[in-house]
Structure formats: C-alpha cells, structure tokens
>>> print(open('final.txt').read())   # compact mmCIF, C-alpha atoms and all ligand atoms
# COMPACT_ATOMS: atom_id res chain seq x y z
CA MET A 1 55.38 155.48 67.78
CA PRO A 2 55.53 153.79 64.33
CA LEU A 3 57.46 150.51 64.07
CA TRP A 4 60.18 149.93 61.47
CA LEU A 5 60.68 146.27 60.43
CA ARG A 6 64.26 147.04 59.55
CA ASP A 7 66.49 145.47 56.92
CA PRO A 8 64.76 142.14 56.24
CA LEU A 9 66.80 139.41 54.62
CA ALA A 10 64.21 139.50 51.83
CA ILE A 11 60.78 141.09 51.43
CA LEU A 12 57.85 140.66 49.05
CA ALA A 13 56.93 144.34 48.70
CA PRO A 14 57.79 147.00 46.10
CA ASP A 15 60.57 149.50 46.91
CA ALA A 16 61.01 148.25 50.45
CA ALA A 17 64.47 146.64 50.53
CA ARG A 18 65.12 148.28 53.92
CA GLY A 19 61.78 147.15 55.29
CA LEU A 20 58.40 148.58 56.21
CA VAL A 21 57.16 151.19 58.63
CA ILE A 22 53.93 150.26 60.42
CA ASP A 23 51.75 152.93 61.99
CA GLY A 24 48.69 151.75 63.92
CA THR A 25 46.82 149.17 61.84
CA ARG A 26 48.41 150.10 58.49
CA VAL A 27 51.59 150.17 56.49
CA LEU A 28 52.87 153.75 56.56
CA GLU A 29 55.69 153.35 54.03
CA GLY A 30 58.19 151.02 52.43
CA VAL A 31 61.81 152.03 52.94
CA PRO A 32 63.81 151.80 49.67
CA ALA A 33 67.45 150.69 49.51
CA GLY A 34 69.85 153.33 50.82
CA ARG A 35 67.07 155.31 52.56
CA GLU A 36 65.76 155.83 56.08
CA PRO A 37 62.12 156.09 57.24
CA SER A 38 60.58 159.55 56.93
CA VAL A 39 59.43 159.47 60.57
CA SER A 40 61.10 158.48 63.84
CA CYS A 41 60.34 154.85 64.73
CA ASP A 42 60.77 152.03 67.15
CA ILE A 43 62.85 149.33 65.48
CA PHE A 44 62.36 145.59 65.00
CA ASP A 45 65.49 144.03 63.55
CA ALA A 46 64.25 141.78 60.69
CA GLY A 47 67.75 140.79 59.54
CA ARG A 48 67.03 137.06 59.93
CA HIS A 49 63.54 137.18 58.42
CA VAL A 50 61.87 136.71 55.07
CA VAL A 51 58.90 139.09 55.11
CA VAL A 52 55.76 138.50 53.03
CA PRO A 53 52.17 139.76 53.04
CA GLY A 54 50.15 137.62 55.46
CA PHE A 55 48.63 134.63 53.69
CA VAL A 56 44.92 134.64 52.86
CA ASN A 57 43.16 131.30 53.26
CA THR A 58 40.14 131.19 50.95
CA HIS A 59 38.58 127.83 51.81
CA HIS A 60 38.36 125.81 55.02
CA HIS A 61 35.98 123.96 57.34
CA PHE A 62 37.35 124.49 60.85
CA TYR A 63 35.04 121.92 62.49
CA GLN A 64 36.59 119.15 60.41
CA THR A 65 39.77 119.20 62.51
CA LEU A 66 37.72 116.85 64.73
CA THR A 67 37.57 114.19 62.00
CA ARG A 68 41.12 114.00 60.73
CA SER A 69 42.31 110.71 59.23
CA LEU A 70 38.97 109.11 60.10
CA ARG A 71 39.40 105.39 59.46
CA PRO A 72 36.12 104.74 57.56
CA ALA A 73 36.93 107.59 55.14
CA LEU A 74 40.69 107.18 54.65
CA ASP A 75 40.59 105.70 51.17
CA ALA A 76 37.18 106.86 49.98
CA GLY A 77 36.38 109.11 47.00
CA VAL A 78 34.45 112.33 47.61
CA PHE A 79 30.84 111.03 47.75
CA PRO A 80 31.55 107.96 49.94
CA TRP A 81 33.90 110.14 52.01
CA LEU A 82 31.11 112.65 52.64
CA LYS A 83 28.63 109.88 53.40
CA ALA A 84 31.02 108.50 56.01
CA MET A 85 31.53 111.97 57.51
CA TYR A 86 27.98 113.41 57.75
CA PRO A 87 26.78 110.99 60.47
CA VAL A 88 29.88 111.77 62.54
CA TRP A 89 29.67 115.55 62.16
CA ARG A 90 26.11 115.63 63.51
CA HIS A 91 27.52 114.57 66.91
CA ILE A 92 29.74 117.65 67.27
CA ALA A 93 28.72 119.69 70.32
CA GLU A 94 29.50 123.32 71.08
CA ALA A 95 32.47 122.54 73.33
CA ASP A 96 33.96 120.34 70.60
CA LEU A 97 33.44 123.03 67.98
CA ARG A 98 35.21 125.65 70.10
CA LEU A 99 38.28 123.42 70.38
CA ALA A 100 38.18 122.62 66.65
CA ILE A 101 38.09 126.31 65.76
CA ARG A 102 40.93 127.11 68.15
CA VAL A 103 43.09 124.36 66.68
CA ALA A 104 42.42 125.45 63.08
CA LEU A 105 43.06 129.12 63.83
CA ALA A 106 46.23 128.38 65.80
CA GLU A 107 47.58 126.25 62.96
CA LEU A 108 46.71 128.92 60.43
CA ALA A 109 48.31 131.73 62.44
CA LEU A 110 51.48 129.75 63.04
CA SER A 111 51.75 129.06 59.32
CA GLY A 112 51.71 132.74 58.34
CA CYS A 113 47.99 133.17 57.69
CA THR A 114 46.50 136.54 58.64
CA THR A 115 43.05 136.35 57.00
CA THR A 116 40.96 133.23 56.75
CA SER A 117 37.59 132.28 55.46
CA ASP A 118 35.63 129.40 56.93
CA HIS A 119 32.79 127.45 55.38
CA HIS A 120 30.59 126.09 58.16
CA TYR A 121 27.61 124.18 56.82
CA ILE A 122 26.41 121.84 59.57
CA PHE A 123 24.00 123.19 62.17
CA PRO A 124 22.71 120.20 64.21
CA PRO A 125 20.85 120.94 67.48
CA GLY A 126 23.26 122.79 69.77
CA LEU A 127 25.37 124.25 66.96
CA GLU A 128 22.86 126.82 65.72
CA ASP A 129 25.24 129.62 66.72
CA ALA A 130 28.33 128.13 65.08
CA ILE A 131 29.20 131.35 63.23
CA GLU A 132 29.02 133.46 66.40
CA ILE A 133 31.11 130.86 68.24
CA THR A 134 33.73 131.19 65.51
CA ILE A 135 33.79 134.97 65.84
CA GLU A 136 34.26 134.66 69.63
CA GLU A 137 37.08 132.14 69.32
CA ALA A 138 38.88 134.09 66.60
CA ALA A 139 38.90 137.24 68.70
CA HIS A 140 41.24 135.45 71.15
CA ILE A 141 43.74 134.54 68.42
CA GLY A 142 43.42 137.69 66.32
CA LEU A 143 42.99 136.52 62.71
CA ARG A 144 40.92 138.52 60.25
CA LEU A 145 37.79 136.60 59.21
CA VAL A 146 35.53 136.19 56.22
CA LEU A 147 33.05 133.68 57.61
CA THR A 148 30.60 132.04 55.29
CA ARG A 149 27.19 130.98 56.53
CA GLY A 150 27.07 127.56 54.90
CA SER A 151 23.87 125.66 54.23
CA MET A 152 22.35 122.40 53.03
CA ASP A 153 18.62 121.82 52.41
CA LEU A 154 18.63 118.84 50.04
CA SER A 155 18.60 115.57 51.96
CA GLU A 156 18.73 112.01 50.65
CA GLU A 157 14.91 111.82 50.51
CA ASP A 158 14.88 114.78 48.12
CA GLY A 159 17.64 113.45 45.87
CA GLY A 160 20.61 115.02 47.68
CA LEU A 161 23.60 113.42 49.37
CA PRO A 162 23.39 114.36 53.09
CA PRO A 163 21.07 112.67 55.61
CA ALA A 164 18.01 114.60 56.83
CA ALA A 165 19.62 115.11 60.26
CA VAL A 166 22.15 117.66 58.92
CA VAL A 167 19.98 119.80 56.61
CA GLN A 168 17.81 122.85 57.39
CA THR A 169 14.82 124.49 55.71
CA ILE A 170 15.31 127.37 53.26
CA ASP A 171 13.32 129.76 55.45
CA ARG A 172 15.49 129.06 58.44
CA ILE A 173 18.71 129.36 56.44
CA VAL A 174 17.73 132.65 54.81
CA ALA A 175 16.50 134.17 58.09
CA ASP A 176 19.70 133.19 59.92
CA SER A 177 21.89 134.42 57.05
CA ALA A 178 20.16 137.81 57.11
CA ARG A 179 20.49 137.99 60.90
CA LEU A 180 24.23 137.20 60.74
CA SER A 181 24.78 139.76 58.00
CA ASP A 182 22.96 142.49 59.92
CA ARG A 183 24.76 141.72 63.14
CA HIS A 184 28.32 140.92 62.05
CA HIS A 185 29.14 141.95 58.47
CA ASP A 186 31.49 144.93 58.39
CA PRO A 187 31.87 146.29 54.83
CA SER A 188 34.44 148.91 55.80
CA ASP A 189 38.12 149.10 54.87
CA GLY A 190 40.19 147.15 57.40
CA ALA A 191 37.21 145.05 58.56
CA MET A 192 38.09 142.22 60.95
CA VAL A 193 34.85 140.25 60.43
CA GLN A 194 32.84 139.84 57.25
CA ILE A 195 30.00 137.47 56.43
CA ALA A 196 29.43 135.70 53.10
CA LEU A 197 26.82 133.14 52.04
CA ALA A 198 27.82 129.60 51.09
CA PRO A 199 25.28 126.97 50.07
CA CYS A 200 27.43 123.85 50.22
CA SER A 201 27.30 122.26 46.74
CA PRO A 202 24.89 121.46 43.89
CA PHE A 203 24.26 117.98 45.37
CA SER A 204 23.31 119.14 48.87
CA VAL A 205 21.42 122.35 48.05
CA SER A 206 18.16 122.90 46.15
CA PRO A 207 17.98 125.31 43.19
CA GLU A 208 15.60 127.40 45.30
CA LEU A 209 18.23 127.85 48.02
CA MET A 210 20.95 128.66 45.45
CA ARG A 211 18.72 131.42 44.04
CA ALA A 212 17.60 132.68 47.45
CA SER A 213 21.25 132.93 48.56
CA ALA A 214 22.19 134.94 45.45
CA ASP A 215 19.21 137.25 46.01
CA LEU A 216 20.04 137.80 49.68
CA ALA A 217 23.71 138.42 48.85
CA ALA A 218 22.71 141.07 46.30
CA GLN A 219 20.36 142.68 48.81
CA LYS A 220 22.91 142.76 51.66
CA GLY A 221 26.07 143.38 49.61
CA LEU A 222 27.62 140.02 50.56
CA ARG A 223 29.94 137.66 48.71
CA LEU A 224 28.91 134.17 47.63
CA HIS A 225 30.89 130.96 47.94
CA THR A 226 30.35 127.29 47.17
CA HIS A 227 32.14 124.13 46.08
CA LEU A 228 31.98 123.86 42.29
CA ALA A 229 33.44 121.71 39.53
CA ALA A 230 35.13 119.91 42.41
CA HIS A 231 34.96 116.32 41.21
CA VAL A 232 33.56 114.16 38.43
CA GLY A 233 30.65 112.94 40.57
CA GLU A 234 29.37 116.52 40.88
CA VAL A 235 29.63 117.12 37.11
CA ASP A 236 27.71 113.89 36.48
CA TYR A 237 25.13 114.85 39.13
CA CYS A 238 24.50 118.25 37.49
CA ARG A 239 24.12 116.63 34.07
CA ALA A 240 21.71 113.96 35.37
CA ARG A 241 19.63 116.21 37.62
CA PHE A 242 19.70 119.59 35.89
CA GLY A 243 20.64 118.58 32.34
CA ARG A 244 23.62 120.92 32.26
CA ARG A 245 27.22 121.38 33.34
CA PRO A 246 27.96 122.95 36.76
CA ILE A 247 28.82 126.40 35.37
CA ASP A 248 25.63 126.52 33.27
CA TYR A 249 23.56 125.50 36.26
CA MET A 250 25.15 128.19 38.43
CA GLU A 251 24.67 130.84 35.76
CA GLU A 252 20.98 130.00 35.68
CA MET A 253 20.93 130.37 39.50
CA GLY A 254 22.33 133.93 39.22
CA TRP A 255 25.73 132.96 40.49
CA LEU A 256 28.16 134.23 37.83
CA GLY A 257 29.11 137.60 39.28
CA ARG A 258 32.01 139.60 40.72
CA ASN A 259 30.97 138.71 44.28
CA VAL A 260 31.47 134.94 43.75
CA TRP A 261 34.45 132.75 44.60
CA LEU A 262 34.33 129.01 44.05
CA ALA A 263 36.23 126.26 45.84
CA HIS A 264 38.24 123.81 43.69
CA GLY A 265 37.24 124.73 40.11
CA ILE A 266 38.80 121.63 38.56
CA PHE A 267 36.46 120.86 35.67
CA PHE A 268 36.16 123.95 33.49
CA GLU A 269 36.47 123.91 29.71
CA PRO A 270 38.48 126.74 28.03
CA ASP A 271 35.34 128.65 27.00
CA GLU A 272 33.96 128.28 30.54
CA MET A 273 37.16 129.83 31.95
CA LYS A 274 36.59 132.86 29.72
CA ARG A 275 33.02 133.13 31.01
CA LEU A 276 34.27 132.98 34.61
CA ALA A 277 36.82 135.70 33.84
CA SER A 278 34.38 138.06 32.18
CA ALA A 279 31.91 137.58 35.04
CA GLY A 280 34.66 138.31 37.61
CA VAL A 281 34.33 134.96 39.42
CA SER A 282 37.47 133.84 41.27
CA ILE A 283 38.67 130.38 42.31
CA ALA A 284 40.01 128.95 45.58
CA HIS A 285 42.58 126.32 44.59
CA CYS A 286 42.98 123.62 47.27
CA PRO A 287 45.94 121.51 46.11
CA THR A 288 46.28 119.11 49.04
CA SER A 289 42.57 118.36 49.03
CA ASN A 290 42.68 117.81 45.25
CA MET A 291 45.46 115.27 45.73
CA ILE A 292 44.12 113.46 48.82
CA THR A 293 40.70 112.97 47.27
CA ALA A 294 42.30 112.22 43.86
CA SER A 295 39.65 114.43 42.27
CA GLY A 296 41.94 115.87 39.61
CA PHE A 297 43.36 119.36 40.10
CA CYS A 298 42.61 122.97 39.36
CA PRO A 299 44.17 124.18 36.05
CA VAL A 300 45.60 127.35 37.60
CA PRO A 301 47.82 128.65 34.75
CA GLN A 302 44.98 128.22 32.25
CA LEU A 303 42.52 129.99 34.56
CA GLU A 304 44.94 132.89 35.10
CA ALA A 305 45.69 133.11 31.39
CA ALA A 306 41.94 133.41 30.79
CA GLY A 307 41.82 136.26 33.34
CA VAL A 308 40.45 134.44 36.40
CA ARG A 309 41.89 135.41 39.81
CA VAL A 310 43.05 132.40 41.84
CA GLY A 311 43.66 132.10 45.59
CA LEU A 312 44.66 129.18 47.81
CA GLY A 313 42.68 127.26 50.41
CA VAL A 314 43.81 124.58 52.84
CA ASP A 315 40.27 123.14 52.66
CA GLY A 316 38.85 121.29 55.63
CA SER A 317 40.91 119.01 57.68
CA SER A 318 39.67 115.56 56.69
CA ALA A 319 40.20 116.42 53.01
CA ASN A 320 43.60 117.86 53.88
CA ASP A 321 44.27 117.11 57.56
CA SER A 322 46.51 120.16 57.79
CA SER A 323 45.69 123.85 58.19
CA SER A 324 49.17 125.05 57.24
CA MET A 325 49.13 127.88 54.70
CA ILE A 326 52.90 127.81 54.13
CA GLY A 327 52.50 124.07 53.52
CA GLU A 328 49.72 124.78 51.03
CA VAL A 329 51.84 127.34 49.18
CA ARG A 330 54.48 124.66 48.67
CA GLN A 331 51.87 122.07 47.64
CA ALA A 332 50.38 124.50 45.11
CA PHE A 333 53.81 125.23 43.66
CA LEU A 334 54.72 121.53 43.42
CA LEU A 335 51.40 120.33 42.01
CA GLN A 336 51.05 123.09 39.43
CA ARG A 337 54.71 122.90 38.38
CA ALA A 338 54.57 119.11 38.06
CA ALA A 339 51.45 119.45 35.93
CA HIS A 340 52.39 122.46 33.80
CA GLY A 341 56.19 122.73 33.72
CA VAL A 342 58.96 125.01 34.93
CA GLU A 343 58.20 127.74 32.38
CA ARG A 344 54.61 128.21 33.53
CA VAL A 345 54.82 127.97 37.33
CA SER A 346 57.27 129.76 39.65
CA THR A 347 57.60 130.16 43.40
CA GLY A 348 56.51 133.78 42.89
CA ASP A 349 53.28 132.53 41.34
CA ALA A 350 52.54 130.40 44.40
CA LEU A 351 53.18 133.36 46.72
CA ARG A 352 50.90 135.54 44.58
CA TRP A 353 48.07 132.99 44.80
CA ALA A 354 48.44 132.86 48.61
CA THR A 355 48.39 136.66 49.02
CA ALA A 356 46.96 138.99 46.34
CA GLY A 357 45.03 136.13 44.72
CA GLY A 358 43.40 135.23 48.01
CA ALA A 359 42.51 138.86 48.69
CA ALA A 360 40.82 139.02 45.26
CA CYS A 361 38.78 135.90 46.08
CA LEU A 362 37.54 137.55 49.25
CA GLY A 363 36.87 140.86 47.51
CA ARG A 364 39.42 142.75 49.59
CA ASP A 365 41.71 145.50 48.32
CA ASP A 366 43.03 146.40 51.77
CA ILE A 367 45.05 143.19 52.27
CA GLY A 368 47.10 140.76 50.16
CA TRP A 369 50.10 142.97 49.49
CA LEU A 370 52.32 145.39 51.39
CA ALA A 371 52.09 149.03 50.36
CA PRO A 372 51.37 152.37 52.07
CA GLY A 373 47.79 152.62 53.33
CA LEU A 374 47.13 148.89 53.28
CA GLN A 375 46.51 146.82 56.37
CA ALA A 376 49.62 145.77 58.30
CA ASP A 377 49.03 142.02 57.83
CA ILE A 378 52.49 140.48 57.69
CA ALA A 379 54.11 137.05 57.99
CA MET A 380 57.80 136.74 58.88
CA PHE A 381 59.74 133.50 58.58
CA ARG A 382 63.16 132.92 60.14
CA ALA A 383 65.72 132.16 57.47
CA ASP A 384 68.42 130.83 59.74
CA GLY A 385 67.00 127.36 60.41
CA LEU A 386 68.20 124.07 58.95
CA SER A 387 65.64 124.05 56.13
CA PHE A 388 66.97 127.38 54.78
CA SER A 389 70.64 126.65 55.29
CA GLY A 390 72.59 127.19 52.08
CA ALA A 391 69.75 128.92 50.21
CA ASP A 392 70.67 131.64 47.69
CA ASP A 393 67.26 133.21 46.99
CA PRO A 394 65.41 133.53 50.33
CA LEU A 395 61.95 134.17 48.80
CA ALA A 396 62.26 131.12 46.56
CA ALA A 397 63.51 129.10 49.52
CA LEU A 398 60.44 130.10 51.52
CA VAL A 399 58.34 128.09 49.04
CA ARG A 400 60.81 125.38 48.05
CA SER A 401 62.01 124.64 51.60
CA ALA A 402 58.77 125.66 53.36
CA PRO A 403 59.74 126.07 57.01
CA ALA A 404 57.37 124.45 59.49
CA ALA A 405 56.16 127.68 61.08
CA ALA A 406 56.24 131.45 60.97
CA ASP A 407 58.31 133.24 63.59
CA ARG A 408 56.28 136.46 63.65
CA VAL A 409 52.81 137.24 62.35
CA MET A 410 51.08 140.63 62.49
CA VAL A 411 47.40 141.37 61.85
CA ALA A 412 46.24 145.00 61.65
CA GLY A 413 49.50 146.12 63.24
CA ARG A 414 49.21 143.73 66.21
CA TRP A 415 51.56 140.77 66.74
CA ILE A 416 49.51 137.58 66.97
CA VAL A 417 52.54 135.27 66.69
CA GLU A 418 55.72 136.15 68.57
CA ASP A 419 58.87 134.04 68.48
CA GLY A 420 56.95 131.14 66.98
CA ALA A 421 54.25 131.11 69.68
CA LEU A 422 50.72 132.41 70.14
CA PRO A 423 50.79 134.67 73.22
CA GLY A 424 48.47 133.34 75.93
CA LEU A 425 47.70 130.04 74.20
CA ASP A 426 48.97 126.75 75.65
CA ILE A 427 49.33 124.66 72.49
CA ALA A 428 50.00 121.38 74.33
CA ALA A 429 46.89 121.77 76.50
CA LEU A 430 44.79 122.74 73.48
CA GLY A 431 45.98 119.70 71.54
CA ALA A 432 45.22 117.38 74.47
CA ALA A 433 41.70 118.77 74.97
CA HIS A 434 41.00 118.67 71.22
CA ALA A 435 42.09 115.03 70.98
CA VAL A 436 39.70 114.12 73.83
CA ALA A 437 36.89 116.02 72.08
CA ALA A 438 37.56 114.28 68.76
CA ASN A 439 37.52 110.93 70.51
CA GLY A 440 34.17 111.82 72.12
CA VAL A 441 32.63 112.74 68.76
CA ARG A 442 33.77 109.43 67.26
CA ARG A 443 32.42 107.51 70.27
CA ARG A 444 29.01 109.20 70.09
CA ALA A 445 28.90 108.35 66.37
CA GLY A 446 29.45 104.68 67.26
CA LEU A 447 33.01 104.47 65.85
ZN ZN B 501 35.57 122.25 51.14
>>> encode(input="final.txt", output="structure tokens")
Amino acid sequence: MPLWLRDPLAILAPDAARGLVIDGTRVLEGVPAGREPSVSCDIFDAGRHVVVPGFVNTHHHFYQTLTRSLRPALDAGVFPWLKAMYPVWRHIAEADLRLAIRVALAELALSGCTTTSDHHYIFPPGLEDAIEITIEEAAHIGLRLVLTRGSMDLSEEDGGLPPAAVVQTIDRIVADSARLSDRHHDPSDGAMVQIALAPCSPFSVSPELMRASADLAAQKGLRLHTHLAAHVGEVDYCRARFGRRPIDYMEEMGWLGRNVWLAHGIFFEPDEMKRLASAGVSIAHCPTSNMITASGFCPVPQLEAAGVRVGLGVDGSSANDSSSMIGEVRQAFLLQRAAHGVERVSTGDALRWATAGGAACLGRDDIGWLAPGLQADIAMFRADGLSFSGADDPLAALVRSAPAAADRVMVAGRWIVEDGALPGLDIAALGAAHAVAANGVRRRAGL
C-alpha cells in the first residue's frame, strides 16, 4: 500500500502542499492544495513536520571521526595539520575504521542526510579493504553511497606531503580501483552504491596517477573527485612544481569534464569559473572546514552565476569535527550571506545547495528533489521544538534555527530514522566504543 505523508507544515516540493505519496522506493505523486491522492494509501500525519528532499553530502572522510580535535593539530594551517594527522591515521585498524564509519553515518542520517559520498585515501596494512568495509557498515544504517576510492602515491621523498608509510604505487591503486568498480559500481537509476575515483590532491598525487585515474574513469564510466583550489599552499605548490595554476594543471591531466566534482574550490578567478562551467565541473562547498582551517571560502554566488553547480560537504571530521548536514546547511547560509549580502544569499539557496546541488555534484538525476518518479529520499524535521517556536516561515526557520536532528528520514522508501532514532543502533554504546578506539589510535601513534 502506498504511504501518504499527509499535510506537512511545510514542504520543499512543487505542487505538494498536502504532501507526498510514496510507493515502493519512489515518489508516486505530490498532492496539491485542496486535493486528495489518486490512489488509496496508508497515512503518516506530517502536520508537525517540515519536509525536504534528503540532504546529499558531497565530501567527507569518515575515518577522520577518530581524530577529532586532535591537540597537535588544533591551531595548525592545512599543511602542518595534515603533517600532524598522517602519522596518526596510519595506526587506524579495521575495528577502529568500522566504528568511525558507523559514527559518521549515524550522525549524517540523524541530520537529514540520505546520500553521502566518502573520500577514503589511506590504505595502511590491514585497511586494504576500507571501501568494502564502508559498504558493509552502510548497509546496516541504510544511507545511499557514492564512495570514492581515494589515493596518494607522492610521498615526501618524491616531493609530496605525506610520509611513505601512507602512499601506494600507481599499479596497485589502478588495479584496486578497477576491481572496486567492477564489483560494486551500480550505474542504474536508484543505485544504492556507486564508486568514483579520487586521487587526494595535487601535492600528494603524481601527474601520472592523476592521468591514470581520469583514463580509468573514462573507461569504466565513473566520476572523478579531488581536493582542488582548497588553500593558498596548494596554489603555490602547483605554481612551483608544475608552473601553472591548479585549474590549468588539472586541465592538462584530463580532469575538466562533466564527470568531475571538486572539493572546496576557493581560489578560482572569474575566467576560470567560466571554464569550469562550460566543462560541466561542479564544486563541493565545505563551509565549516573553510572556516576552521581559515583557508578562505568558496565564492558560491559567483560560481553559480558563472553556471557552476554547487553542493555541500561536511568534509572530514578533524577539519570540521561534525558530520551534521543540517548544521552545514546553516553554516553555508551564514558564511555566504556574511560574505555576499542579503540580496545574493537566501535560506532557499542553502537548501538548494544541500539537495539538488549535491545531486548534480554526484551526477544523479534520481535524487535531490521530490517529484513523481524520483527516489523517495526524504528528511523530516519536527517544527514544534523550542528552536522553532515562534517561527513564521517554517522552511526559512529550518535553516536559520537549524534543529539539532531530524525526526524522520527515509531512503528509497524505507525509514532509516524514526522518532529521532536509528532503529537497532545503540548510540550510547557506539559512542563509548568509538571513544575507546580513538584513544587507542592516539596511543599507538605515541600521543
Ligand atoms: Zn577533504
């Protein structure tokens, strides 16, 4: 029997003032004002809820939940921060990683996220199957995944930033990427797991690996992701090592195409934004990370005006220390409005970045908004709590007041959050085990 989410307090969907009808994994229809569903339905009373398309997180590093607020890195810029982190990350074991993934996914789900990417780029001994471990853990929680097989092959000895202990050879990276694509990438409409390729950054990856990744992506029909124009140190590095700006370097590597989304995208000149737009490259804006690392910030209105699609990413804990998507929507709204003014940035813009913009980054046209035939990926926030009290416009209040958690979250027609909880997951026990694991990683790293 289809399910009618009846009479929401507010909804971000066209012609659906009386709610949505869900049938199986998809939206069957929106119910306009004054109308009834065209089919008989079970009913969920949404009268206390603000209903939005499930949020799409376009950039994260789940494993980094183990190194939140790490003392040696608290007040470091990006390069010293990374140099403090690499030697700690190499001590993460499989059991630690499983807990880190569970924590990140639980936080994401509880914050209204229904699809998430992850950028995993450390594969020390024992973590060779990190992507498969992520797929296994996510199946318990129920989020839709676009997992990127990250990579680094340029160690300090070769002029890169990371130590030799956390890099791999190109041959190994390419072979594993192809294996993961063949085994797990589902190109079909409604896919729950997709694979993309994500060499980490220009300063930890050789030009040969950048090119090989683009070639493999073209061959397998995969998307490409990396950190780019993320901070001044990277721009300086590209100039010194390659004699060009980051975008010129990536163009030479075959990376300016419709299948590319880039994390951060802070340092683009106006003509470079036009080049990104005409190539169809999209940008994952990570506002909290931009602010914590004081790297500058993504010029979102200028990018959109140039025709570039922009999504939101919580980025890894350690650069953010939170995996809350509703929190990131608010941060994006506040940062961009403070920078560009009330005329150029609205709460609706921030919601668009977190939904349709994110779907564009991930190359998906089956998620990111709520319309007949699209996936039933939905976040519902209670509007009767203290933070909403007195609000006139519930959709604006969702961003401006940003409640701590979603009340109900649905992925492919299945509830994964019910009454503010993840069915079958003991959050207190998970937090306790994760804290012990994080402590163990720090201890093994000599901290
Ligand atoms: Zn990142």
>>> residues_around(input="final.txt", residues="Gly358 (chain A)", least_positions_apart="3", cutoff="9 Å", atoms="all atoms listed in the file", output="VMD selection string")
chain A and resid 55 to 58 283 to 284 309 to 313 352 to 355 361 to 364 368
>>> closest_residue(input="final.txt", among="A:Ala405, A:Ala178, A:Ala198, A:Ala319", to="ligand ZN 501 (chain B)", atoms="all atoms listed in the file")
A:Ala319
>>> residues_near_ligand(input="final.txt", ligand="ligand ZN 501 (chain B)", cutoff="6 Å", atoms="only C-alpha atoms and all ligand atoms", output="list in words")
His60, Asp315 and Gly316 of chain A
>>> closest_residue(input="final.txt", among="A:Pro372, A:Asp366, A:Val232, A:Ile173", to="Asp15 (chain A)", atoms="all atoms listed in the file")
A:Pro372
>>> closest_atom_pairs(input="final.txt", of="region 7-106 of chain A", to="region 288-298 of chain A", cutoff="9 Å", atoms="only C-alpha atoms", output="JSON lines")
{"residue": "A:Asp75", "atom": "CA", "partner": "A:Thr293", "partner_atom": "CA", "distance": 8.3}
{"residue": "A:Ala76", "atom": "CA", "partner": "A:Thr293", "partner_atom": "CA", "distance": 7.6}
{"residue": "A:Gly77", "atom": "CA", "partner": "A:Thr293", "partner_atom": "CA", "distance": 5.8}
{"residue": "A:Val78", "atom": "CA", "partner": "A:Thr293", "partner_atom": "CA", "distance": 6.3}
{"residue": "A:Trp81", "atom": "CA", "partner": "A:Thr293", "partner_atom": "CA", "distance": 8.8}
>>> residues_around(input="final.txt", residues="Met1 (chain A)", least_positions_apart="2", cutoff="12 Å", atoms="only C-alpha atoms", output="ChimeraX atom specification")
/A:3-4,21-24,28,39-43,413
>>> atom_distance(input="final.txt", atom1="CA of His120 (chain A)", atom2="CA of His140 (chain A)")
19.2 Å
>>> residues_around(input="final.txt", residues="Asp189 (chain A)", least_positions_apart="6", cutoff="12 Å", atoms="all atoms listed in the file", output="mmCIF file with C-alpha atoms, in the coordinates of the input")
data_model
loop_
_atom_site.group_PDB
_atom_site.id
_atom_site.type_symbol
_atom_site.label_atom_id
_atom_site.label_comp_id
_atom_site.auth_asym_id
_atom_site.auth_seq_id
_atom_site.Cartn_x
_atom_site.Cartn_y
_atom_site.Cartn_z
ATOM 1 C CA THR A 25 46.820 149.170 61.840
ATOM 2 C CA ARG A 26 48.410 150.100 58.490
ATOM 3 C CA GLY A 363 36.870 140.860 47.510
ATOM 4 C CA ARG A 364 39.420 142.750 49.590
ATOM 5 C CA ASP A 365 41.710 145.500 48.320
ATOM 6 C CA ASP A 366 43.030 146.400 51.770
ATOM 7 C CA ILE A 367 45.050 143.190 52.270
ATOM 8 C CA GLY A 373 47.790 152.620 53.330
ATOM 9 C CA LEU A 374 47.130 148.890 53.280
ATOM 10 C CA GLN A 375 46.510 146.820 56.370
ATOM 11 C CA ALA A 412 46.240 145.000 61.650
#
>>> atom_distance(input="final.txt", atom1="CA of Asp171 (chain A)", atom2="CA of Tyr237 (chain A)")
25.1 Å
>>> closest_residue(input="final.txt", among="A:Ala73, A:Val50, A:Trp255, A:Pro162", to="Arg90 (chain A)", atoms="only C-alpha atoms")
A:Pro162
>>> residues_near_point(input="final.txt", point="(32.3, 104.0, 64.4)", cutoff="10 Å", atoms="all atoms listed in the file", output="ChimeraX atom specification")
/A:70-72,84,87-88,441-447
>>> atom_distance(input="final.txt", atom1="CA of Gly431 (chain A)", atom2="CA of Leu105 (chain A)")
12.5 Å
>>> decode(input="final.txt", residues="region 168-181 of chain A", atoms="N, CA and C atoms", output="short mmCIF file (atom, residue, chain, number, x, y, z; two decimals), in the first residue's frame")
data_model
loop_
_atom_site.label_atom_id
_atom_site.label_comp_id
_atom_site.auth_asym_id
_atom_site.auth_seq_id
_atom_site.Cartn_x
_atom_site.Cartn_y
_atom_site.Cartn_z
N GLN A 168 50.64 4.51 -1.81
CA GLN A 168 50.67 3.24 -2.54
C GLN A 168 51.23 3.47 -3.95
N THR A 169 51.55 2.39 -4.65
CA THR A 169 52.04 2.53 -6.02
C THR A 169 50.86 2.75 -6.98
N ILE A 170 51.17 3.36 -8.13
CA ILE A 170 50.10 3.59 -9.12
C ILE A 170 49.47 2.27 -9.56
N ASP A 171 50.30 1.27 -9.82
CA ASP A 171 49.76 0.00 -10.31
C ASP A 171 48.75 -0.59 -9.34
N ARG A 172 49.11 -0.53 -8.07
CA ARG A 172 48.23 -1.09 -7.05
C ARG A 172 46.91 -0.29 -6.97
N ILE A 173 47.04 1.03 -7.03
CA ILE A 173 45.86 1.90 -6.94
C ILE A 173 44.92 1.65 -8.12
N VAL A 174 45.49 1.61 -9.31
CA VAL A 174 44.66 1.45 -10.51
C VAL A 174 43.98 0.07 -10.52
N ALA A 175 44.75 -0.96 -10.14
CA ALA A 175 44.18 -2.32 -10.12
C ALA A 175 43.05 -2.41 -9.10
N ASP A 176 43.24 -1.82 -7.93
CA ASP A 176 42.20 -1.89 -6.89
C ASP A 176 40.98 -1.06 -7.30
N SER A 177 41.23 0.09 -7.93
CA SER A 177 40.11 0.94 -8.38
C SER A 177 39.27 0.19 -9.40
N ALA A 178 39.93 -0.48 -10.33
CA ALA A 178 39.20 -1.23 -11.36
C ALA A 178 38.40 -2.37 -10.72
N ARG A 179 39.03 -3.05 -9.76
CA ARG A 179 38.35 -4.15 -9.07
C ARG A 179 37.10 -3.64 -8.35
N LEU A 180 37.23 -2.51 -7.64
CA LEU A 180 36.09 -1.96 -6.89
C LEU A 180 34.97 -1.54 -7.83
N SER A 181 35.36 -0.94 -8.96
CA SER A 181 34.36 -0.53 -9.94
C SER A 181 33.60 -1.73 -10.46
#
